[in-house]
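Everything below belongs to upload-v8.txt, which stores compact mmCIF, C-alpha atoms and all ligand atoms.
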# COMPACT_ATOMS: atom_id res chain seq x y z
CA MET A 24 -17.73 -10.25 -8.29
CA VAL A 25 -14.66 -10.05 -10.42
CA GLU A 26 -14.90 -11.26 -13.98
CA VAL A 27 -13.86 -14.85 -14.58
CA GLN A 28 -11.99 -15.46 -17.81
CA LEU A 29 -12.17 -19.15 -18.58
CA SER A 30 -8.89 -20.54 -19.79
CA PRO A 31 -9.06 -22.46 -23.09
CA THR A 32 -8.43 -25.70 -21.22
CA ALA A 33 -11.40 -25.32 -18.87
CA ARG A 34 -14.53 -27.07 -20.08
CA ALA A 35 -17.71 -25.00 -20.02
CA GLY A 36 -19.85 -25.81 -16.97
CA GLN A 37 -16.96 -27.44 -15.08
CA PRO A 38 -15.38 -25.63 -12.14
CA LEU A 39 -12.10 -24.04 -13.11
CA THR A 40 -9.23 -25.24 -10.93
CA LEU A 41 -6.22 -23.18 -9.88
CA GLY A 42 -3.99 -25.46 -11.95
CA GLU A 43 -6.03 -24.82 -15.09
CA ALA A 44 -6.28 -21.10 -14.43
CA THR A 45 -2.52 -20.68 -14.02
CA ARG A 46 -1.07 -23.13 -16.53
CA GLU A 47 -0.19 -20.44 -19.04
CA ARG A 48 0.57 -17.46 -16.84
CA ASN A 49 3.97 -15.94 -16.23
CA ALA A 50 3.06 -14.81 -12.73
CA TRP A 51 -0.05 -14.46 -10.61
CA ILE A 52 -1.47 -13.96 -7.14
CA GLU A 53 -3.69 -16.58 -5.52
CA ILE A 54 -6.22 -15.27 -3.00
CA ASP A 55 -7.74 -17.87 -0.70
CA LEU A 56 -11.22 -16.56 0.17
CA GLU A 57 -11.80 -19.44 2.63
CA ALA A 58 -8.80 -18.19 4.60
CA THR A 59 -10.20 -14.63 4.54
CA ALA A 60 -13.50 -15.82 6.03
CA ALA A 61 -11.74 -18.02 8.61
CA ASN A 62 -9.48 -15.13 9.69
CA LEU A 63 -12.50 -12.89 10.16
CA GLN A 64 -14.17 -15.50 12.39
CA ALA A 65 -10.99 -16.09 14.41
CA LEU A 66 -10.51 -12.35 14.96
CA ARG A 67 -14.16 -11.90 15.89
CA GLN A 68 -13.79 -14.60 18.55
CA TRP A 69 -10.68 -12.88 19.84
CA VAL A 70 -12.17 -9.36 20.12
CA GLY A 71 -15.62 -10.49 21.21
CA PRO A 72 -19.03 -10.75 19.53
CA ASP A 73 -20.29 -7.26 20.40
CA ILE A 74 -17.53 -5.40 18.61
CA GLU A 75 -17.93 -4.57 14.95
CA ILE A 76 -15.24 -5.50 12.46
CA ILE A 77 -14.33 -2.61 10.17
CA ALA A 78 -12.44 -4.26 7.31
CA VAL A 79 -9.68 -1.92 6.15
CA VAL A 80 -9.40 -2.59 2.41
CA LYS A 81 -7.40 0.46 1.36
CA ALA A 82 -4.62 0.18 -1.24
CA ASN A 83 -6.45 -2.53 -3.21
CA ALA A 84 -6.98 -4.50 0.00
CA TYR A 85 -3.23 -4.49 0.73
CA GLY A 86 -2.56 -5.78 -2.77
CA HIS A 87 -5.08 -8.62 -2.42
CA GLY A 88 -7.60 -7.12 -4.86
CA ALA A 89 -10.36 -5.12 -3.17
CA ALA A 90 -13.02 -6.01 -5.75
CA GLY A 91 -12.71 -9.70 -4.86
CA ILE A 92 -11.78 -9.49 -1.16
CA ALA A 93 -14.38 -6.96 -0.01
CA PRO A 94 -17.46 -8.91 -1.20
CA ALA A 95 -16.04 -12.05 0.46
CA LEU A 96 -15.55 -10.13 3.72
CA GLU A 97 -19.08 -8.71 3.50
CA ALA A 98 -20.49 -12.20 2.94
CA ALA A 99 -18.44 -13.46 5.91
CA GLY A 100 -20.00 -10.80 8.15
CA ALA A 101 -17.72 -7.75 8.22
CA GLU A 102 -20.00 -4.97 9.47
CA ARG A 103 -18.17 -2.04 7.90
CA PHE A 104 -15.38 -1.14 5.52
CA ALA A 105 -12.70 1.53 5.60
CA VAL A 106 -10.50 3.01 2.87
CA VAL A 107 -8.34 6.12 2.57
CA TRP A 108 -9.46 7.76 -0.69
CA VAL A 109 -13.01 8.68 -1.71
CA ALA A 110 -12.29 7.01 -5.08
CA GLU A 111 -11.58 3.75 -3.23
CA ALA A 112 -14.94 3.99 -1.49
CA ILE A 113 -16.72 4.58 -4.80
CA ALA A 114 -14.96 1.53 -6.27
CA LEU A 115 -16.22 -0.57 -3.33
CA ARG A 116 -19.81 0.52 -4.00
CA GLU A 117 -19.26 -0.40 -7.66
CA ALA A 118 -18.04 -3.82 -6.51
CA GLY A 119 -21.42 -4.25 -4.79
CA ILE A 120 -20.56 -3.43 -1.17
CA THR A 121 -23.72 -2.29 0.65
CA ARG A 122 -22.51 -1.91 4.26
CA PRO A 123 -21.14 1.39 5.63
CA ILE A 124 -17.84 2.59 4.17
CA ILE A 125 -15.66 5.05 6.10
CA VAL A 126 -13.07 7.22 4.34
CA LEU A 127 -10.30 7.49 6.93
CA SER A 128 -8.34 10.41 5.51
CA HIS A 129 -8.63 13.67 3.62
CA ALA A 130 -11.53 14.57 1.33
CA PHE A 131 -12.34 17.80 -0.54
CA PRO A 132 -15.58 19.78 -0.48
CA GLY A 133 -15.92 18.75 -4.14
CA ASP A 134 -16.24 15.11 -3.00
CA ALA A 135 -19.39 15.84 -0.98
CA ALA A 136 -22.04 15.13 -3.63
CA ALA A 137 -20.46 11.82 -4.67
CA ALA A 138 -20.12 10.75 -1.03
CA VAL A 139 -23.74 11.62 -0.25
CA ALA A 140 -25.03 9.90 -3.40
CA ARG A 141 -23.29 6.66 -2.41
CA ASP A 142 -23.78 6.85 1.36
CA ILE A 143 -20.04 7.07 1.99
CA THR A 144 -19.02 8.20 5.48
CA LEU A 145 -16.37 10.91 5.34
CA THR A 146 -13.99 11.82 8.16
CA VAL A 147 -14.61 15.55 8.39
CA HIS A 148 -11.64 17.73 9.33
CA SER A 149 -13.05 21.20 8.52
CA LEU A 150 -16.21 23.26 8.70
CA GLU A 151 -15.87 23.85 4.96
CA LEU A 152 -16.14 20.13 4.21
CA GLY A 153 -18.98 19.86 6.74
CA ARG A 154 -20.92 22.65 5.01
CA ALA A 155 -20.41 21.06 1.58
CA LEU A 156 -21.75 17.76 2.92
CA SER A 157 -24.65 19.51 4.61
CA ASP A 158 -25.58 21.28 1.34
CA ALA A 159 -25.24 18.08 -0.71
CA ALA A 160 -27.30 16.10 1.77
CA CYS A 161 -30.10 18.69 1.89
CA ALA A 162 -30.13 18.91 -1.92
CA ALA A 163 -30.45 15.11 -2.15
CA GLY A 164 -33.01 14.85 0.67
CA LYS A 165 -30.58 12.62 2.60
CA THR A 166 -28.50 12.66 5.75
CA ALA A 167 -24.70 12.61 5.51
CA THR A 168 -23.18 10.40 8.19
CA VAL A 169 -19.78 11.71 9.25
CA HIS A 170 -16.95 10.87 11.63
CA VAL A 171 -14.47 13.18 13.35
CA LYS A 172 -10.90 12.10 13.98
CA ALA A 173 -8.93 13.33 16.97
CA ASP A 174 -5.15 13.57 16.60
CA THR A 175 -4.05 12.18 19.95
CA GLY A 176 -0.33 12.01 19.22
CA LEU A 177 0.43 10.42 15.85
CA HIS A 178 0.32 13.85 14.20
CA ARG A 179 -0.97 12.43 10.96
CA PHE A 180 -4.61 12.98 9.94
CA GLY A 181 -7.19 14.40 12.38
CA VAL A 182 -7.61 17.54 14.48
CA PRO A 183 -6.28 18.24 18.00
CA PRO A 184 -8.54 17.13 20.87
CA ASP A 185 -10.09 20.51 21.74
CA GLU A 186 -10.73 21.27 18.07
CA ALA A 187 -12.26 17.82 17.59
CA VAL A 188 -14.83 18.61 20.28
CA ALA A 189 -15.61 22.04 18.78
CA LEU A 190 -15.81 20.62 15.25
CA ALA A 191 -18.13 17.78 16.26
CA GLU A 192 -20.42 20.23 18.08
CA ALA A 193 -20.50 22.62 15.10
CA LEU A 194 -21.21 19.79 12.64
CA ARG A 195 -24.02 18.60 14.89
CA GLU A 196 -25.82 21.90 14.30
CA MET A 197 -25.68 21.61 10.50
CA PRO A 198 -28.80 20.39 8.70
CA GLY A 199 -28.44 17.04 6.97
CA ILE A 200 -25.39 16.00 9.03
CA ASP A 201 -25.32 13.07 11.45
CA VAL A 202 -22.12 13.00 13.51
CA GLU A 203 -22.03 9.28 14.10
CA GLY A 204 -18.40 8.56 14.82
CA LEU A 205 -15.26 9.60 16.65
CA SER A 206 -11.88 8.04 15.94
CA THR A 207 -8.16 8.19 16.51
CA HIS A 208 -5.14 6.18 15.40
CA MET A 209 -2.27 4.83 17.48
CA ALA A 210 1.40 5.63 16.81
CA ASN A 211 3.12 2.70 18.54
CA ALA A 212 0.51 -0.04 18.25
CA ASP A 213 2.86 -2.75 17.00
CA GLU A 214 6.07 -1.64 18.71
CA ALA A 215 7.46 -3.98 21.36
CA ASP A 216 6.61 -1.24 23.85
CA ASP A 217 3.18 0.14 22.97
CA GLY A 218 2.91 2.13 26.21
CA PHE A 219 2.24 5.37 24.30
CA SER A 220 -1.13 3.85 23.34
CA GLU A 221 -2.16 4.49 26.95
CA VAL A 222 -1.35 8.18 26.63
CA GLN A 223 -3.29 8.37 23.36
CA GLY A 224 -6.10 6.26 24.79
CA ALA A 225 -6.50 8.66 27.73
CA ARG A 226 -6.56 11.69 25.41
CA PHE A 227 -9.19 9.96 23.24
CA ALA A 228 -11.31 8.97 26.24
CA ALA A 229 -11.32 12.62 27.39
CA VAL A 230 -12.60 13.75 23.98
CA ALA A 231 -15.22 10.99 23.93
CA GLU A 232 -16.38 11.99 27.39
CA ARG A 233 -17.03 15.54 26.18
CA LEU A 234 -19.02 14.16 23.23
CA PRO A 235 -21.23 11.57 24.96
CA TRP A 236 -23.81 11.81 22.17
CA VAL A 237 -21.38 10.42 19.56
CA ARG A 238 -22.37 6.77 19.33
CA TYR A 239 -19.61 5.03 17.34
CA ARG A 240 -16.00 5.20 18.54
CA HIS A 241 -13.04 3.43 16.90
CA THR A 242 -9.34 3.63 17.72
CA ALA A 243 -7.82 0.21 17.08
CA ASN A 244 -5.85 -1.17 14.15
CA SER A 245 -4.93 -4.89 14.14
CA ALA A 246 -2.23 -4.65 16.82
CA THR A 247 -4.30 -2.48 19.17
CA ALA A 248 -7.44 -4.56 18.63
CA ILE A 249 -5.62 -7.80 19.37
CA ARG A 250 -3.53 -6.57 22.31
CA ARG A 251 -5.73 -4.06 24.10
CA GLY A 252 -9.33 -4.82 24.94
CA GLU A 253 -9.93 -1.39 26.49
CA PHE A 254 -9.48 0.39 23.15
CA ARG A 255 -11.88 -1.69 21.06
CA TYR A 256 -14.92 0.54 21.68
CA GLU A 257 -17.72 -0.06 19.12
CA GLY A 258 -15.57 -1.22 16.20
CA VAL A 259 -12.00 -2.27 15.34
CA ARG A 260 -10.24 -1.39 12.08
CA LEU A 261 -8.57 -4.57 10.91
CA GLY A 262 -6.29 -4.65 7.88
CA LEU A 263 -3.22 -6.87 8.00
CA SER A 264 -4.70 -9.46 10.37
CA LEU A 265 -7.70 -10.16 8.11
CA HIS A 266 -5.15 -11.13 5.49
CA GLY A 267 -3.74 -13.72 7.88
CA ILE A 268 -0.66 -11.96 9.20
CA LEU A 269 -0.16 -10.82 12.78
CA PRO A 270 1.68 -7.53 13.30
CA PRO A 271 5.17 -7.92 14.81
CA ASN A 272 5.27 -8.38 18.60
CA THR A 273 1.56 -9.20 18.62
CA PRO A 274 0.59 -12.69 19.77
CA GLY A 275 -2.95 -13.42 18.65
CA PRO A 276 -5.29 -16.03 17.22
CA ALA A 277 -4.06 -18.60 14.69
CA LEU A 278 -4.55 -17.02 11.25
CA THR A 279 -4.06 -18.28 7.71
CA PRO A 280 -2.16 -16.21 5.12
CA VAL A 281 -4.58 -15.33 2.31
CA LEU A 282 -2.16 -14.35 -0.45
CA SER A 283 0.33 -16.41 -2.43
CA LEU A 284 2.57 -14.94 -5.13
CA LYS A 285 3.65 -17.41 -7.79
CA ALA A 286 5.33 -17.45 -11.18
CA ARG A 287 6.64 -19.86 -13.79
CA LEU A 288 10.32 -20.11 -14.73
CA ALA A 289 10.72 -18.33 -18.08
CA ARG A 290 14.15 -19.87 -18.74
CA VAL A 291 16.88 -21.91 -17.07
CA ALA A 292 20.42 -20.94 -18.10
CA GLU A 293 23.87 -22.37 -17.45
CA VAL A 294 26.38 -19.97 -15.91
CA ALA A 295 30.09 -20.71 -15.87
CA PRO A 296 32.31 -19.96 -12.86
CA GLY A 297 33.22 -16.27 -12.88
CA ASP A 298 30.24 -15.23 -15.04
CA GLY A 299 27.93 -12.57 -13.67
CA VAL A 300 24.13 -12.26 -13.89
CA SER A 301 21.60 -9.41 -14.23
CA TYR A 302 22.32 -5.65 -14.38
CA GLY A 303 25.69 -4.68 -13.00
CA LEU A 304 26.75 -8.35 -12.86
CA THR A 305 26.64 -8.02 -9.05
CA TRP A 306 26.53 -11.81 -8.50
CA ARG A 307 29.10 -14.12 -10.02
CA ALA A 308 28.95 -17.90 -10.10
CA GLU A 309 31.58 -19.62 -7.98
CA ARG A 310 30.93 -23.02 -9.56
CA PRO A 311 29.12 -24.25 -12.66
CA SER A 312 25.61 -23.00 -11.91
CA ARG A 313 22.10 -22.93 -13.29
CA VAL A 314 19.96 -19.85 -12.85
CA GLY A 315 16.19 -19.68 -13.26
CA LEU A 316 14.55 -16.58 -14.72
CA VAL A 317 11.50 -15.44 -12.73
CA PRO A 318 9.23 -13.06 -14.68
CA VAL A 319 8.46 -10.75 -11.74
CA GLY A 320 10.25 -7.49 -11.04
CA TYR A 321 10.11 -4.24 -9.16
CA ALA A 322 7.36 -3.01 -11.52
CA ASP A 323 5.20 -5.75 -9.98
CA GLY A 324 6.13 -4.64 -6.47
CA TRP A 325 8.92 -7.17 -5.93
CA LYS A 326 11.29 -4.80 -4.18
CA ARG A 327 14.63 -3.93 -5.76
CA SER A 328 16.12 -4.09 -2.26
CA LEU A 329 15.70 -7.88 -2.57
CA SER A 330 18.66 -7.87 -5.01
CA ASN A 331 21.05 -10.64 -3.91
CA ARG A 332 18.79 -11.25 -0.89
CA GLY A 333 15.74 -13.30 -0.25
CA GLU A 334 14.64 -16.63 -1.67
CA ALA A 335 12.02 -18.34 -3.82
CA LEU A 336 10.77 -21.92 -3.82
CA VAL A 337 11.46 -24.14 -6.84
CA GLY A 338 10.95 -27.90 -6.77
CA GLY A 339 10.07 -27.62 -3.07
CA ARG A 340 13.45 -26.08 -2.21
CA ARG A 341 14.50 -22.64 -1.07
CA CYS A 342 16.61 -21.10 -3.83
CA PRO A 343 18.61 -17.91 -3.27
CA LEU A 344 17.86 -14.81 -5.31
CA VAL A 345 20.97 -13.86 -7.27
CA GLY A 346 21.85 -10.55 -8.91
CA ARG A 347 19.76 -7.42 -9.10
CA VAL A 348 15.99 -7.37 -9.27
CA ALA A 349 15.09 -5.71 -12.60
CA MET A 350 11.82 -4.07 -13.63
CA ASP A 351 10.26 -7.29 -14.94
CA HIS A 352 12.60 -10.14 -13.92
CA PHE A 353 14.91 -11.57 -11.33
CA LEU A 354 17.04 -14.71 -11.12
CA VAL A 355 17.26 -17.56 -8.64
CA ASP A 356 20.08 -20.06 -8.30
CA VAL A 357 18.47 -23.43 -9.10
CA THR A 358 21.72 -25.42 -9.18
CA GLY A 359 20.36 -27.40 -6.21
CA VAL A 360 17.17 -28.38 -8.10
CA PRO A 361 18.40 -30.80 -10.76
CA GLY A 362 15.25 -31.01 -12.90
CA ALA A 363 14.34 -27.31 -12.85
CA ALA A 364 13.01 -26.28 -16.26
CA GLU A 365 11.05 -23.61 -18.10
CA GLY A 366 7.41 -23.59 -16.93
CA ASP A 367 8.10 -24.86 -13.41
CA GLU A 368 6.15 -23.17 -10.65
CA VAL A 369 8.09 -20.69 -8.49
CA VAL A 370 6.65 -19.57 -5.16
CA LEU A 371 7.69 -16.10 -4.01
CA ILE A 372 5.18 -15.87 -1.14
CA GLY A 373 3.34 -18.98 0.02
CA ALA A 374 3.93 -22.72 0.30
CA GLN A 375 5.41 -25.34 -1.97
CA GLY A 376 5.92 -28.89 -0.70
CA ARG A 377 6.99 -28.59 2.91
CA GLU A 378 8.54 -25.15 2.55
CA ARG A 379 6.83 -21.79 3.08
CA ILE A 380 7.96 -18.21 2.49
CA THR A 381 5.89 -15.64 4.38
CA ALA A 382 5.37 -11.96 3.63
CA ASP A 383 7.32 -11.38 6.85
CA ASP A 384 10.28 -13.36 5.44
CA VAL A 385 10.24 -11.19 2.32
CA ALA A 386 9.89 -8.03 4.41
CA ARG A 387 12.89 -8.98 6.54
CA ALA A 388 15.04 -9.61 3.46
CA ALA A 389 13.89 -6.33 1.87
CA GLU A 390 14.37 -4.42 5.15
CA THR A 391 10.76 -3.32 5.25
CA ILE A 392 7.45 -4.47 6.78
CA SER A 393 4.88 -7.00 5.57
CA TRP A 394 2.29 -4.22 4.95
CA ASP A 395 4.72 -2.70 2.41
CA VAL A 396 5.49 -6.04 0.72
CA LEU A 397 1.78 -6.77 0.19
CA ALA A 398 0.50 -3.28 -0.64
CA SER A 399 3.27 -2.90 -3.24
CA LEU A 400 1.97 -5.74 -5.39
CA GLN A 401 0.81 -4.19 -8.65
CA THR A 402 -2.14 -4.81 -10.94
CA ARG A 403 -0.15 -6.41 -13.78
CA LEU A 404 -0.23 -9.52 -11.59
CA PRO A 405 -3.68 -11.12 -12.02
CA ARG A 406 -5.51 -11.92 -8.78
CA ILE A 407 -7.04 -15.39 -8.85
CA PHE A 408 -9.72 -15.69 -6.16
CA HIS A 409 -10.48 -19.24 -5.08
CA ARG A 410 -12.02 -21.43 -2.40
CA CYS A 411 -10.28 -24.73 -1.80
CA GLY A 412 -8.64 -24.53 -5.21
CA VAL A 413 -11.84 -23.80 -7.17
CA VAL A 414 -11.59 -20.47 -8.95
CA GLU A 415 -14.34 -17.92 -8.20
CA GLY A 416 -12.99 -14.95 -10.10
CA ILE A 417 -9.98 -13.42 -11.78
CA GLY A 418 -9.33 -9.71 -11.50
C1 LIG A 501 -4.26 1.12 7.59
C2 LIG A 501 -5.01 1.56 8.77
C3 LIG A 501 -5.57 0.62 9.66
C4 LIG A 501 -5.32 -0.87 9.56
O1 LIG A 501 -4.08 -1.19 10.13
P1 LIG A 501 -3.58 -2.72 10.27
O2 LIG A 501 -2.36 -2.60 11.11
O3 LIG A 501 -3.26 -3.18 8.88
O4 LIG A 501 -4.67 -3.48 10.89
C5 LIG A 501 -6.35 1.10 10.70
N1 LIG A 501 -6.57 2.43 10.86
C6 LIG A 501 -6.03 3.37 10.04
C7 LIG A 501 -6.30 4.81 10.28
C8 LIG A 501 -5.22 2.97 8.98
O5 LIG A 501 -4.69 3.89 8.17
Can the structure from this file be put into structure tokens for me?
Amino acid sequence: MVEVQLSPTARAGQPLTLGEATRERNAWIEIDLEATAANLQALRQWVGPDIEIIAVVKANAYGHGAAGIAPALEAAGAERFAVVWVAEAIALREAGITRPIIVLSHAFPGDAAAAVARDITLTVHSLELGRALSDAACAAGKTATVHVKADTGLHRFGVPPDEAVALAEALREMPGIDVEGLSTHMANADEADDGFSEVQGARFAAVAERLPWVRYRHTANSATAIRRGEFRYEGVRLGLSLHGILPPNTPGPALTPVLSLKARLARVAEVAPGDGVSYGLTWRAERPSRVGLVPVGYADGWKRSLSNRGEALVGGRRCPLVGRVAMDHFLVDVTGVPGAAEGDEVVLIGAQGRERITADDVARAAETISWDVLASLQTRLPRIFHRCGVVEGIG
């Protein structure tokens, strides 16, 4: 698990609380591991007990901190993991993950030995990569488990259907290779009209029918897994939903958001009518105002497109973001929060009092999607992993 740095105020042997762990931090991310486990159970109930959950923890587990999230998901019963880079898969093994890990996108022949040594499942797109894996596996006295991805219409990673069949059959003949899996990825899974999934699903089914000996098929991201039972096959690749957020247009089980993004006001300043704030002075006070300085900026992943848009919670109230988002700071208008002062907690994503700001709210204000808001969150922000407010690790 992630290293825990005890704060000076925490007494040795006593559980460290979130309050103690965050008292002297400018900004941080709270990760609720109870919520992660509960989301996994809720999604398992929804998709059915016989379908494996492949936890997609690419991009630092969508900004949640893969080294803390993945072990919690493994303990909660996730059967497999998926990432995009080989380096991400190696990092998961280093974090102690023992279950199968699938690399969903491109790998090089030079990655073969490392993948074989750590039992990492590559998605093979070429005979060259297959041969490198075969050689590495034979040299190590092991079997390399591989998947083949059919491009059924997204035109991203994968090989066209006919080539997928030929590639799988050629790989099957190579010593040391076990072609376990066949996959595809949907283009319109979370669109209001996901009808194209049926076209892709039919193309995938035709490939699968020609490869009846391939035993593990997976096609579904969160939206497809939740909406369309016929495309769940042996496993579903869940990313966003495990983190407690349903894709747009996708009614599903009740989930709990896992991530909160918080900060402490670094300063509260008086601004006179007509005065501007932040670079370019793009916002000017219309009345005597007080602005709170939030020590989070676009370098942390707080999008610059949130300039003069979006909100943060201070004193249990929604306060508008004013002026431009800078690299390390932005400002909120706290005129409506009389006692606001340096050190007060600011919630950028999450709940405070009776108010809540969701990743979807932030995405709407930034004109992007919740995946982008979360995956953008950078490593300068410490991740504080907790269960019911008791800290389990800081990474
Ligand atoms: C990211 C990704 C997923 C997970 O998608 P969610 O919508 O976050 O569940 C599944 N499959 C592939 C190929 C991906 O790249």
Could the residues that lie within 10 Å of ligand LIG 501 (chain A), counting all atoms listed in the file, be listed as a PDB file with C-alpha atoms, in the frame of the given file?
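Once written, result-v1.pdb looks like this:
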ATOM      1  CA  ILE A  77     -14.330  -2.610  10.170  1.00  0.00           C
ATOM      2  CA  ALA A  78     -12.440  -4.260   7.310  1.00  0.00           C
ATOM      3  CA  VAL A  79      -9.680  -1.920   6.150  1.00  0.00           C
ATOM      4  CA  VAL A  80      -9.400  -2.590   2.410  1.00  0.00           C
ATOM      5  CA  LYS A  81      -7.400   0.460   1.360  1.00  0.00           C
ATOM      6  CA  ALA A  82      -4.620   0.180  -1.240  1.00  0.00           C
ATOM      7  CA  ALA A  84      -6.980  -4.500   0.000  1.00  0.00           C
ATOM      8  CA  TYR A  85      -3.230  -4.490   0.730  1.00  0.00           C
ATOM      9  CA  ALA A 105     -12.700   1.530   5.600  1.00  0.00           C
ATOM     10  CA  VAL A 106     -10.500   3.010   2.870  1.00  0.00           C
ATOM     11  CA  VAL A 107      -8.340   6.120   2.570  1.00  0.00           C
ATOM     12  CA  VAL A 126     -13.070   7.220   4.340  1.00  0.00           C
ATOM     13  CA  LEU A 127     -10.300   7.490   6.930  1.00  0.00           C
ATOM     14  CA  SER A 128      -8.340  10.410   5.510  1.00  0.00           C
ATOM     15  CA  LYS A 172     -10.900  12.100  13.980  1.00  0.00           C
ATOM     16  CA  ARG A 179      -0.970  12.430  10.960  1.00  0.00           C
ATOM     17  CA  PHE A 180      -4.610  12.980   9.940  1.00  0.00           C
ATOM     18  CA  GLY A 181      -7.190  14.400  12.380  1.00  0.00           C
ATOM     19  CA  SER A 206     -11.880   8.040  15.940  1.00  0.00           C
ATOM     20  CA  THR A 207      -8.160   8.190  16.510  1.00  0.00           C
ATOM     21  CA  HIS A 208      -5.140   6.180  15.400  1.00  0.00           C
ATOM     22  CA  MET A 209      -2.270   4.830  17.480  1.00  0.00           C
ATOM     23  CA  ALA A 212       0.510  -0.040  18.250  1.00  0.00           C
ATOM     24  CA  ASP A 213       2.860  -2.750  17.000  1.00  0.00           C
ATOM     25  CA  HIS A 241     -13.040   3.430  16.900  1.00  0.00           C
ATOM     26  CA  THR A 242      -9.340   3.630  17.720  1.00  0.00           C
ATOM     27  CA  ALA A 243      -7.820   0.210  17.080  1.00  0.00           C
ATOM     28  CA  ASN A 244      -5.850  -1.170  14.150  1.00  0.00           C
ATOM     29  CA  SER A 245      -4.930  -4.890  14.140  1.00  0.00           C
ATOM     30  CA  ALA A 246      -2.230  -4.650  16.820  1.00  0.00           C
ATOM     31  CA  THR A 247      -4.300  -2.480  19.170  1.00  0.00           C
ATOM     32  CA  ALA A 248      -7.440  -4.560  18.630  1.00  0.00           C
ATOM     33  CA  ILE A 249      -5.620  -7.800  19.370  1.00  0.00           C
ATOM     34  CA  VAL A 259     -12.000  -2.270  15.340  1.00  0.00           C
ATOM     35  CA  ARG A 260     -10.240  -1.390  12.080  1.00  0.00           C
ATOM     36  CA  LEU A 261      -8.570  -4.570  10.910  1.00  0.00           C
ATOM     37  CA  GLY A 262      -6.290  -4.650   7.880  1.00  0.00           C
ATOM     38  CA  LEU A 263      -3.220  -6.870   8.000  1.00  0.00           C
ATOM     39  CA  SER A 264      -4.700  -9.460  10.370  1.00  0.00           C
ATOM     40  CA  LEU A 265      -7.700 -10.160   8.110  1.00  0.00           C
ATOM     41  CA  HIS A 266      -5.150 -11.130   5.490  1.00  0.00           C
ATOM     42  CA  ILE A 268      -0.660 -11.960   9.200  1.00  0.00           C
ATOM     43  CA  LEU A 269      -0.160 -10.820  12.780  1.00  0.00           C
ATOM     44  CA  PRO A 270       1.680  -7.530  13.300  1.00  0.00           C
ATOM     45  CA  PRO A 271       5.170  -7.920  14.810  1.00  0.00           C
ATOM     46  CA  SER A 393       4.880  -7.000   5.570  1.00  0.00           C
ATOM     47  CA  TRP A 394       2.290  -4.220   4.950  1.00  0.00           C
TER      48      TRP A 394
END
*A:Arg195, A:His148, A:Arg287, A:Arg154: which is nearest Gly338 of chain A, counting all atoms listed in the file?*
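Of A:Arg195, A:His148, A:Arg287, A:Arg154, the one nearest Gly338 of chain A is A:Arg287, counting all atoms listed in the file.
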*Can you work out the spacing between atom CA of Ala363 of chain A and atom CA of Gly333 of chain A in Å, to one decimal?*
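Distance reported for this atom pair: 18.9 Å.
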_Can you tell me which residues surround Val319 of chain A at a distance of at most 8 Å, considering only C-alpha atoms, apart from same-chain residues fewer than 4 positions away, and format the answer as a list of chain:residue names?_
A:Ala50, A:Ala286, A:Asp323, A:Trp325, A:Met350, A:Asp351, A:His352, A:Phe353
*Which one is closest to Thr40 of chain A: A:Gly412, A:Pro311, A:Pro405, A:Gly218? Count all atoms listed in the file.*
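Looking only at the distances to Thr40 of chain A, the closest residue turns out to be A:Gly412.
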*Could you state the separation of atom CA of Thr381 of chain A and atom CA of Arg341 of chain A in Å, given to one decimal place?*
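According to the coordinates, atom CA of Thr381 of chain A and atom CA of Arg341 of chain A are separated by 12.4 Å.
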Please list as an mmCIF file with C-alpha atoms, in the coordinates of the input every residue within 9 Å of Thr59 of chain A, counting all atoms listed in the file and excluding residues in the same chain fewer than 3 positions away.
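Contents of out_37.cif, as written:
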data_model
loop_
_atom_site.group_PDB
_atom_site.id
_atom_site.type_symbol
_atom_site.label_atom_id
_atom_site.label_comp_id
_atom_site.auth_asym_id
_atom_site.auth_seq_id
_atom_site.Cartn_x
_atom_site.Cartn_y
_atom_site.Cartn_z
ATOM 1 C CA ILE A 54 -6.220 -15.270 -3.000
ATOM 2 C CA ASP A 55 -7.740 -17.870 -0.700
ATOM 3 C CA LEU A 56 -11.220 -16.560 0.170
ATOM 4 C CA ASN A 62 -9.480 -15.130 9.690
ATOM 5 C CA LEU A 63 -12.500 -12.890 10.160
ATOM 6 C CA GLN A 64 -14.170 -15.500 12.390
ATOM 7 C CA ILE A 92 -11.780 -9.490 -1.160
ATOM 8 C CA ALA A 95 -16.040 -12.050 0.460
ATOM 9 C CA LEU A 96 -15.550 -10.130 3.720
ATOM 10 C CA ALA A 99 -18.440 -13.460 5.910
ATOM 11 C CA LEU A 265 -7.700 -10.160 8.110
ATOM 12 C CA HIS A 266 -5.150 -11.130 5.490
ATOM 13 C CA GLY A 267 -3.740 -13.720 7.880
ATOM 14 C CA THR A 279 -4.060 -18.280 7.710
ATOM 15 C CA PRO A 280 -2.160 -16.210 5.120
ATOM 16 C CA VAL A 281 -4.580 -15.330 2.310
#
*If you measure from atom CA of Leu205 of chain A to atom CA of Val237 of chain A, what distance in Å do you get, rounded to one decimal?*
6.8 Å
*Smallest atom-to-atom distance to Arg387 of chain A: which of A:Leu150, A:Glu75, A:Ala155, A:Ser328, using all atoms listed in the file?*
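Of all the options, A:Ser328 lies closest to Arg387 of chain A.
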*asked:* Here is a test: counting all atoms listed in the file, which residue of A:Asn49, A:Thr305, A:Gln375, A:Thr121 is nearest to Gly346 of chain A?
replied: A:Thr305
_Using only C-alpha atoms, can you tell me which of A:Val230, A:Ala98, A:Leu145, A:Ile76 comes closest to Ala60 of chain A?_
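Closest to Ala60 of chain A, using only C-alpha atoms: A:Ala98.
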*Using all atoms listed in the file, which residues sit within 10 Å of Pro132 of chain A once same-chain residues fewer than 5 positions away are excluded, as an NGL selection string?*
:A and (147 or 149-156 or 159)
